[in-house]
Amino acid sequence: MDISQVLFYALSAMALGSAIMVVISRNPVHSVLWLIITFFAISGHYILLNAQFLGIVNLIVYAGAIMVLFLFVIMLMNLNAETEPQKNKWLKLAGVVAGGCLLLVLVAALKQAEVKGKVAELGTGDIGLIKNLGNALFTDFVVPFEISSILFLSAMVGAVVIGKK
């Protein structure tokens, strides 16, 4: 086994373990923290697949901005066990049955998928490289890129004007 396989299995175990902890964690703040770890593992997979830009954007946007927003919303809602209504046992049973049906459909769909002989190419290709994305942005798509930068600048100016009042 080479280093890429070791990293793949380690990141996969980390992603699966933290995703399970997101679901079974009783504290919503802990669930958000486990979800951040899941996003880090997924970003590691993107980097292993030679898609550096996608991995970095995943870290910045999801693990950075959206998870902080989730954390603020959870803290502002002040969720605790005393305010949560008790669920009926029939509702819990219906949830278990629905989850079992979903698992059955997923297993049936994955059983028909042919994955033998299909291997992801690691370290080859240059589709996800930041260098190629920069070349495309500043040669082929320079006008839309500049228009979007003007749009973002006007949005920032608008936010400052609204914030000053």
# chains A, B, ... in the order shown; residues from 1 in each chain; ligands from 1

call {"tool": "select_by_dssp", "arguments": {"residues": "segment 21-165 of chain A", "states": "alpha helix (DSSP H)", "output": "CSV table (one decimal) with N, CA, C and O atoms, in the first residue's frame"}}
result
chain,number,residue,atom,x,y,z
A,21,MET,N,-21.2,10.3,14.2
A,21,MET,CA,-21.3,11.0,15.4
A,21,MET,C,-22.2,12.3,15.2
A,21,MET,O,-22.8,12.7,16.2
A,22,VAL,N,-22.3,12.8,14.0
A,22,VAL,CA,-23.2,13.9,13.8
A,22,VAL,C,-24.6,13.5,14.1
A,22,VAL,O,-25.4,14.2,14.7
A,23,VAL,N,-24.9,12.3,13.6
A,23,VAL,CA,-26.3,11.8,13.8
A,23,VAL,C,-26.6,11.3,15.2
A,23,VAL,O,-27.7,11.6,15.7
A,24,ILE,N,-25.7,10.7,15.9
A,24,ILE,CA,-26.0,10.1,17.2
A,24,ILE,C,-25.7,11.1,18.3
A,24,ILE,O,-26.0,10.8,19.5
A,28,PRO,N,-26.6,19.5,20.0
A,28,PRO,CA,-26.5,20.1,18.7
A,28,PRO,C,-25.2,20.8,18.4
A,28,PRO,O,-24.7,20.7,17.2
A,29,VAL,N,-24.5,21.4,19.4
A,29,VAL,CA,-23.2,22.0,19.2
A,29,VAL,C,-22.2,21.0,18.8
A,29,VAL,O,-21.4,21.2,17.9
A,30,HIS,N,-22.2,19.8,19.5
A,30,HIS,CA,-21.3,18.8,19.2
A,30,HIS,C,-21.5,18.2,17.8
A,30,HIS,O,-20.6,17.8,17.1
A,31,SER,N,-22.8,18.1,17.4
A,31,SER,CA,-23.1,17.7,16.0
A,31,SER,C,-22.5,18.6,15.0
A,31,SER,O,-21.9,18.1,14.0
A,32,VAL,N,-22.5,19.9,15.2
A,32,VAL,CA,-21.9,20.8,14.3
A,32,VAL,C,-20.4,20.7,14.2
A,32,VAL,O,-19.8,20.7,13.2
A,33,LEU,N,-19.8,20.4,15.4
A,33,LEU,CA,-18.4,20.3,15.4
A,33,LEU,C,-18.0,19.0,14.7
A,33,LEU,O,-17.0,18.9,14.0
A,34,TRP,N,-18.8,17.9,14.9
A,34,TRP,CA,-18.5,16.7,14.2
A,34,TRP,C,-18.7,16.9,12.6
A,34,TRP,O,-17.9,16.3,11.8
A,35,LEU,N,-19.6,17.7,12.3
A,35,LEU,CA,-19.8,18.0,10.8
A,35,LEU,C,-18.7,18.7,10.2
A,35,LEU,O,-18.3,18.5,9.1
A,36,ILE,N,-18.0,19.6,11.0
A,36,ILE,CA,-16.8,20.3,10.5
A,36,ILE,C,-15.7,19.3,10.3
A,36,ILE,O,-15.0,19.4,9.3
A,37,ILE,N,-15.6,18.3,11.2
A,37,ILE,CA,-14.6,17.3,10.9
A,37,ILE,C,-14.9,16.5,9.7
A,37,ILE,O,-14.0,16.1,8.9
A,38,THR,N,-16.2,16.2,9.4
A,38,THR,CA,-16.6,15.5,8.2
A,38,THR,C,-16.2,16.3,7.0
A,38,THR,O,-15.7,15.7,6.0
A,39,PHE,N,-16.4,17.6,7.0
A,39,PHE,CA,-16.0,18.5,5.9
A,39,PHE,C,-14.5,18.5,5.7
A,39,PHE,O,-14.1,18.5,4.5
A,40,PHE,N,-13.7,18.4,6.7
A,40,PHE,CA,-12.3,18.4,6.6
A,40,PHE,C,-11.9,17.1,5.9
A,40,PHE,O,-11.0,17.1,5.0
A,41,ALA,N,-12.5,16.0,6.3
A,41,ALA,CA,-12.2,14.7,5.6
A,41,ALA,C,-12.6,14.7,4.2
A,41,ALA,O,-11.8,14.2,3.3
A,42,ILE,N,-13.7,15.2,3.8
A,42,ILE,CA,-14.2,15.3,2.4
A,42,ILE,C,-13.2,16.2,1.6
A,42,ILE,O,-12.9,15.9,0.5
A,43,SER,N,-12.8,17.3,2.2
A,43,SER,CA,-11.8,18.1,1.5
A,43,SER,C,-10.5,17.4,1.3
A,43,SER,O,-9.8,17.6,0.3
A,44,GLY,N,-10.1,16.6,2.2
A,44,GLY,CA,-8.9,15.7,2.0
A,44,GLY,C,-9.1,14.8,0.8
A,44,GLY,O,-8.1,14.5,0.1
A,45,HIS,N,-10.3,14.2,0.7
A,45,HIS,CA,-10.5,13.4,-0.5
A,45,HIS,C,-10.4,14.2,-1.8
A,45,HIS,O,-9.9,13.7,-2.8
A,46,TYR,N,-11.0,15.4,-1.8
A,46,TYR,CA,-10.8,16.2,-3.0
A,46,TYR,C,-9.4,16.5,-3.3
A,46,TYR,O,-9.0,16.5,-4.5
A,47,ILE,N,-8.6,16.8,-2.3
A,47,ILE,CA,-7.2,17.0,-2.6
A,47,ILE,C,-6.5,15.8,-3.1
A,47,ILE,O,-5.6,15.8,-4.0
A,48,LEU,N,-6.9,14.6,-2.6
A,48,LEU,CA,-6.3,13.4,-3.1
A,48,LEU,C,-6.6,13.1,-4.5
A,48,LEU,O,-5.9,12.5,-5.3
A,52,GLN,N,-7.6,20.5,-6.1
A,52,GLN,CA,-7.2,21.4,-4.9
A,52,GLN,C,-8.2,22.5,-4.7
A,52,GLN,O,-8.6,22.9,-3.6
A,53,PHE,N,-8.7,23.1,-5.8
A,53,PHE,CA,-9.6,24.3,-5.7
A,53,PHE,C,-10.9,23.9,-5.0
A,53,PHE,O,-11.4,24.6,-4.1
A,54,LEU,N,-11.4,22.7,-5.4
A,54,LEU,CA,-12.7,22.3,-4.8
A,54,LEU,C,-12.5,21.9,-3.3
A,54,LEU,O,-13.3,22.2,-2.5
A,55,GLY,N,-11.3,21.4,-3.0
A,55,GLY,CA,-11.0,21.1,-1.6
A,55,GLY,C,-10.9,22.3,-0.7
A,55,GLY,O,-11.5,22.4,0.4
A,56,ILE,N,-10.2,23.3,-1.2
A,56,ILE,CA,-10.0,24.6,-0.5
A,56,ILE,C,-11.4,25.3,-0.4
A,56,ILE,O,-11.7,25.9,0.7
A,57,VAL,N,-12.1,25.4,-1.5
A,57,VAL,CA,-13.4,26.1,-1.4
A,57,VAL,C,-14.4,25.3,-0.4
A,57,VAL,O,-15.1,26.0,0.3
A,67,MET,N,-20.7,26.5,8.7
A,67,MET,CA,-20.8,25.9,10.0
A,67,MET,C,-20.8,26.9,11.1
A,67,MET,O,-21.4,26.7,12.2
A,68,VAL,N,-20.1,28.0,10.9
A,68,VAL,CA,-20.2,29.1,11.9
A,68,VAL,C,-21.6,29.6,12.0
A,68,VAL,O,-22.1,29.9,13.1
A,69,LEU,N,-22.2,29.8,10.8
A,69,LEU,CA,-23.6,30.2,10.8
A,69,LEU,C,-24.5,29.2,11.5
A,69,LEU,O,-25.4,29.6,12.3
A,70,PHE,N,-24.4,27.9,11.3
A,70,PHE,CA,-25.1,26.9,12.0
A,70,PHE,C,-24.9,27.0,13.5
A,70,PHE,O,-25.8,26.9,14.3
A,71,LEU,N,-23.6,27.2,13.9
A,71,LEU,CA,-23.3,27.3,15.3
A,71,LEU,C,-24.0,28.5,16.0
A,71,LEU,O,-24.6,28.4,17.1
A,72,PHE,N,-24.0,29.6,15.3
A,72,PHE,CA,-24.6,30.8,15.8
A,72,PHE,C,-26.2,30.6,16.0
A,72,PHE,O,-26.8,31.0,16.9
A,73,VAL,N,-26.8,30.0,14.9
A,73,VAL,CA,-28.2,29.7,15.0
A,73,VAL,C,-28.5,28.8,16.1
A,73,VAL,O,-29.5,29.0,16.9
A,74,ILE,N,-27.8,27.8,16.3
A,74,ILE,CA,-28.1,26.8,17.4
A,74,ILE,C,-27.9,27.5,18.7
A,74,ILE,O,-28.7,27.3,19.6
A,75,MET,N,-26.9,28.3,18.9
A,75,MET,CA,-26.7,29.0,20.2
A,75,MET,C,-27.8,30.0,20.4
A,75,MET,O,-28.2,30.2,21.6
A,76,LEU,N,-28.2,30.7,19.4
A,76,LEU,CA,-29.3,31.7,19.6
A,76,LEU,C,-30.6,31.0,19.9
A,76,LEU,O,-31.5,31.6,20.6
A,77,MET,N,-30.9,29.8,19.3
A,77,MET,CA,-32.1,29.1,19.6
A,77,MET,C,-32.2,28.6,21.0
A,77,MET,O,-33.3,28.3,21.5
A,89,LYS,N,-44.4,7.1,20.6
A,89,LYS,CA,-43.7,5.9,20.2
A,89,LYS,C,-44.1,5.4,18.8
A,89,LYS,O,-43.2,4.8,18.1
A,90,TRP,N,-45.3,5.8,18.4
A,90,TRP,CA,-45.7,5.4,17.0
A,90,TRP,C,-44.9,6.3,16.0
A,90,TRP,O,-44.5,5.8,14.9
A,91,LEU,N,-44.6,7.5,16.4
A,91,LEU,CA,-43.8,8.4,15.5
A,91,LEU,C,-42.4,7.9,15.4
A,91,LEU,O,-41.8,7.9,14.3
A,92,LYS,N,-41.8,7.4,16.5
A,92,LYS,CA,-40.5,6.8,16.4
A,92,LYS,C,-40.5,5.5,15.6
A,92,LYS,O,-39.5,5.3,14.8
A,93,LEU,N,-41.5,4.7,15.7
A,93,LEU,CA,-41.6,3.5,14.9
A,93,LEU,C,-41.7,3.8,13.4
A,93,LEU,O,-41.1,3.2,12.6
A,94,ALA,N,-42.5,4.8,13.1
A,94,ALA,CA,-42.6,5.3,11.7
A,94,ALA,C,-41.3,5.7,11.2
A,94,ALA,O,-40.9,5.5,10.0
A,95,GLY,N,-40.5,6.4,12.0
A,95,GLY,CA,-39.2,6.9,11.6
A,95,GLY,C,-38.2,5.7,11.3
A,95,GLY,O,-37.5,5.7,10.4
A,96,VAL,N,-38.3,4.7,12.2
A,96,VAL,CA,-37.4,3.5,12.0
A,96,VAL,C,-37.8,2.8,10.7
A,96,VAL,O,-37.0,2.3,9.9
A,97,VAL,N,-39.1,2.6,10.5
A,97,VAL,CA,-39.6,2.0,9.3
A,97,VAL,C,-39.2,2.7,8.0
A,97,VAL,O,-38.7,2.2,7.0
A,98,ALA,N,-39.4,4.1,8.0
A,98,ALA,CA,-39.0,4.9,6.9
A,98,ALA,C,-37.4,4.8,6.7
A,98,ALA,O,-37.0,4.7,5.5
A,99,GLY,N,-36.7,4.8,7.7
A,99,GLY,CA,-35.2,4.7,7.6
A,99,GLY,C,-34.8,3.3,7.0
A,99,GLY,O,-33.9,3.2,6.2
A,100,GLY,N,-35.5,2.3,7.5
A,100,GLY,CA,-35.3,0.9,6.9
A,100,GLY,C,-35.6,0.8,5.4
A,100,GLY,O,-34.9,0.2,4.7
A,101,CYS,N,-36.7,1.5,5.0
A,101,CYS,CA,-37.1,1.5,3.6
A,101,CYS,C,-36.0,2.2,2.8
A,101,CYS,O,-35.7,1.8,1.7
A,102,LEU,N,-35.5,3.3,3.3
A,102,LEU,CA,-34.5,4.1,2.6
A,102,LEU,C,-33.2,3.2,2.5
A,102,LEU,O,-32.6,3.2,1.4
A,103,LEU,N,-32.9,2.5,3.5
A,103,LEU,CA,-31.7,1.7,3.5
A,103,LEU,C,-31.9,0.6,2.5
A,103,LEU,O,-30.9,0.2,1.7
A,104,LEU,N,-33.1,0.0,2.4
A,104,LEU,CA,-33.3,-1.1,1.5
A,104,LEU,C,-33.2,-0.6,0.0
A,104,LEU,O,-32.6,-1.2,-0.8
A,105,VAL,N,-33.7,0.6,-0.3
A,105,VAL,CA,-33.6,1.2,-1.6
A,105,VAL,C,-32.2,1.5,-2.0
A,105,VAL,O,-31.7,1.2,-3.1
A,106,LEU,N,-31.4,2.0,-1.0
A,106,LEU,CA,-30.0,2.3,-1.3
A,106,LEU,C,-29.2,1.1,-1.5
A,106,LEU,O,-28.4,1.0,-2.4
A,107,VAL,N,-29.5,0.0,-0.8
A,107,VAL,CA,-28.7,-1.2,-1.0
A,107,VAL,C,-29.1,-1.8,-2.3
A,107,VAL,O,-28.2,-2.3,-3.1
A,108,ALA,N,-30.4,-1.8,-2.7
A,108,ALA,CA,-30.8,-2.3,-4.0
A,108,ALA,C,-30.2,-1.5,-5.2
A,108,ALA,O,-29.8,-2.1,-6.2
A,109,ALA,N,-30.1,-0.2,-5.0
A,109,ALA,CA,-29.5,0.6,-6.0
A,109,ALA,C,-28.0,0.4,-6.2
A,109,ALA,O,-27.4,0.3,-7.3
A,110,LEU,N,-27.3,0.2,-5.0
A,110,LEU,CA,-25.9,0.0,-5.1
A,110,LEU,C,-25.5,-1.4,-5.5
A,110,LEU,O,-24.5,-1.6,-6.1
A,111,LYS,N,-26.5,-2.4,-5.4
A,111,LYS,CA,-26.2,-3.7,-5.8
A,111,LYS,C,-26.2,-3.8,-7.3
A,111,LYS,O,-25.4,-4.6,-7.9
A,112,GLN,N,-26.9,-2.9,-8.0
A,112,GLN,CA,-27.0,-2.9,-9.5
A,112,GLN,C,-25.8,-2.1,-10.1
A,112,GLN,O,-25.6,-2.2,-11.3
A,130,ILE,N,-5.6,24.6,-9.5
A,130,ILE,CA,-5.8,26.1,-9.4
A,130,ILE,C,-5.2,26.9,-10.5
A,130,ILE,O,-5.7,27.9,-11.0
A,131,LYS,N,-4.0,26.4,-10.9
A,131,LYS,CA,-3.3,27.1,-12.0
A,131,LYS,C,-4.2,27.1,-13.3
A,131,LYS,O,-4.3,28.2,-13.9
A,132,ASN,N,-4.8,26.0,-13.6
A,132,ASN,CA,-5.6,26.0,-14.8
A,132,ASN,C,-6.9,26.8,-14.7
A,132,ASN,O,-7.3,27.4,-15.6
A,133,LEU,N,-7.4,26.8,-13.5
A,133,LEU,CA,-8.6,27.6,-13.2
A,133,LEU,C,-8.3,29.1,-13.4
A,133,LEU,O,-9.1,29.8,-13.9
A,134,GLY,N,-7.2,29.5,-12.8
A,134,GLY,CA,-6.7,30.9,-13.0
A,134,GLY,C,-6.5,31.3,-14.4
A,134,GLY,O,-6.9,32.4,-14.8
A,135,ASN,N,-5.9,30.4,-15.2
A,135,ASN,CA,-5.7,30.7,-16.6
A,135,ASN,C,-7.0,30.8,-17.3
A,135,ASN,O,-7.1,31.7,-18.1
A,136,ALA,N,-7.9,30.0,-17.0
A,136,ALA,CA,-9.2,30.1,-17.7
A,136,ALA,C,-10.0,31.3,-17.3
A,136,ALA,O,-10.6,32.0,-18.1
A,137,LEU,N,-9.9,31.7,-16.0
A,137,LEU,CA,-10.6,32.9,-15.5
A,137,LEU,C,-10.0,34.2,-16.1
A,137,LEU,O,-10.8,35.1,-16.5
A,138,PHE,N,-8.7,34.2,-16.3
A,138,PHE,CA,-8.1,35.5,-16.7
A,138,PHE,C,-7.8,35.5,-18.2
A,138,PHE,O,-7.3,36.5,-18.7
A,139,THR,N,-8.2,34.5,-18.9
A,139,THR,CA,-8.1,34.6,-20.4
A,139,THR,C,-9.5,34.4,-21.1
A,139,THR,O,-9.9,35.3,-21.8
A,142,VAL,N,-12.6,36.6,-18.7
A,142,VAL,CA,-12.1,37.8,-17.9
A,142,VAL,C,-13.3,38.8,-17.8
A,142,VAL,O,-13.4,39.4,-16.8
A,143,VAL,N,-14.1,38.9,-18.8
A,143,VAL,CA,-15.2,39.9,-18.7
A,143,VAL,C,-16.3,39.4,-17.7
A,143,VAL,O,-16.6,40.3,-16.8
A,144,PRO,N,-16.8,38.2,-17.7
A,144,PRO,CA,-17.7,37.8,-16.6
A,144,PRO,C,-17.1,37.9,-15.2
A,144,PRO,O,-17.7,38.2,-14.3
A,145,PHE,N,-15.8,37.6,-15.2
A,145,PHE,CA,-15.1,37.6,-13.9
A,145,PHE,C,-15.1,39.0,-13.3
A,145,PHE,O,-15.3,39.3,-12.2
A,146,GLU,N,-14.8,40.0,-14.2
A,146,GLU,CA,-14.7,41.4,-13.8
A,146,GLU,C,-16.1,41.9,-13.5
A,146,GLU,O,-16.3,42.7,-12.6
A,147,ILE,N,-17.1,41.5,-14.2
A,147,ILE,CA,-18.5,41.9,-13.9
A,147,ILE,C,-19.0,41.4,-12.6
A,147,ILE,O,-19.6,42.1,-11.8
A,148,SER,N,-18.6,40.1,-12.2
A,148,SER,CA,-18.9,39.6,-10.9
A,148,SER,C,-18.2,40.3,-9.8
A,148,SER,O,-18.7,40.5,-8.7
A,149,SER,N,-17.0,40.8,-10.1
A,149,SER,CA,-16.2,41.5,-9.1
A,149,SER,C,-16.9,42.9,-8.8
A,149,SER,O,-16.9,43.4,-7.7
A,150,ILE,N,-17.4,43.5,-9.9
A,150,ILE,CA,-18.1,44.8,-9.7
A,150,ILE,C,-19.4,44.6,-8.9
A,150,ILE,O,-19.8,45.4,-8.1
A,151,LEU,N,-20.1,43.5,-9.2
A,151,LEU,CA,-21.3,43.1,-8.5
A,151,LEU,C,-21.0,42.9,-7.0
A,151,LEU,O,-21.7,43.4,-6.1
A,152,PHE,N,-19.9,42.2,-6.7
A,152,PHE,CA,-19.6,42.0,-5.3
A,152,PHE,C,-19.2,43.3,-4.6
A,152,PHE,O,-19.5,43.6,-3.4
A,153,LEU,N,-18.5,44.2,-5.3
A,153,LEU,CA,-18.1,45.5,-4.8
A,153,LEU,C,-19.3,46.3,-4.5
A,153,LEU,O,-19.4,47.0,-3.4
A,154,SER,N,-20.3,46.4,-5.4
A,154,SER,CA,-21.5,47.1,-5.2
A,154,SER,C,-22.3,46.5,-4.0
A,154,SER,O,-22.9,47.3,-3.2
A,155,ALA,N,-22.3,45.2,-3.8
A,155,ALA,CA,-23.0,44.6,-2.7
A,155,ALA,C,-22.3,45.0,-1.4
A,155,ALA,O,-23.0,45.3,-0.4
A,156,MET,N,-21.0,45.1,-1.3
A,156,MET,CA,-20.3,45.5,-0.1
A,156,MET,C,-20.6,46.9,0.2
A,156,MET,O,-20.8,47.3,1.3
A,157,VAL,N,-20.6,47.8,-0.8
A,157,VAL,CA,-20.9,49.2,-0.6
A,157,VAL,C,-22.3,49.3,-0.1
A,157,VAL,O,-22.6,50.1,0.9
A,158,GLY,N,-23.3,48.6,-0.6
A,158,GLY,CA,-24.6,48.6,-0.2
A,158,GLY,C,-24.7,48.1,1.3
A,158,GLY,O,-25.5,48.7,2.0
A,159,ALA,N,-24.0,47.1,1.6
A,159,ALA,CA,-24.0,46.6,3.0
A,159,ALA,C,-23.5,47.7,4.0
A,159,ALA,O,-24.0,47.9,5.1
A,160,VAL,N,-22.4,48.4,3.6
A,160,VAL,CA,-21.9,49.5,4.4
A,160,VAL,C,-22.9,50.6,4.6
A,160,VAL,O,-23.1,51.1,5.7
A,161,VAL,N,-23.5,51.0,3.5
A,161,VAL,CA,-24.5,52.1,3.5
A,161,VAL,C,-25.7,51.7,4.4
A,161,VAL,O,-26.1,52.5,5.2
A,162,ILE,N,-26.2,50.5,4.3
A,162,ILE,CA,-27.3,50.0,5.1
A,162,ILE,C,-26.9,49.9,6.6
A,162,ILE,O,-27.6,50.3,7.5
A,163,GLY,N,-25.6,49.5,6.8
A,163,GLY,CA,-25.1,49.3,8.2
A,163,GLY,C,-24.9,50.7,8.9
A,163,GLY,O,-25.0,50.7,10.1
A,164,LYS,N,-24.6,51.7,8.1
A,164,LYS,CA,-24.3,53.0,8.8
A,164,LYS,C,-25.6,53.7,9.3
A,164,LYS,O,-25.5,54.5,10.2
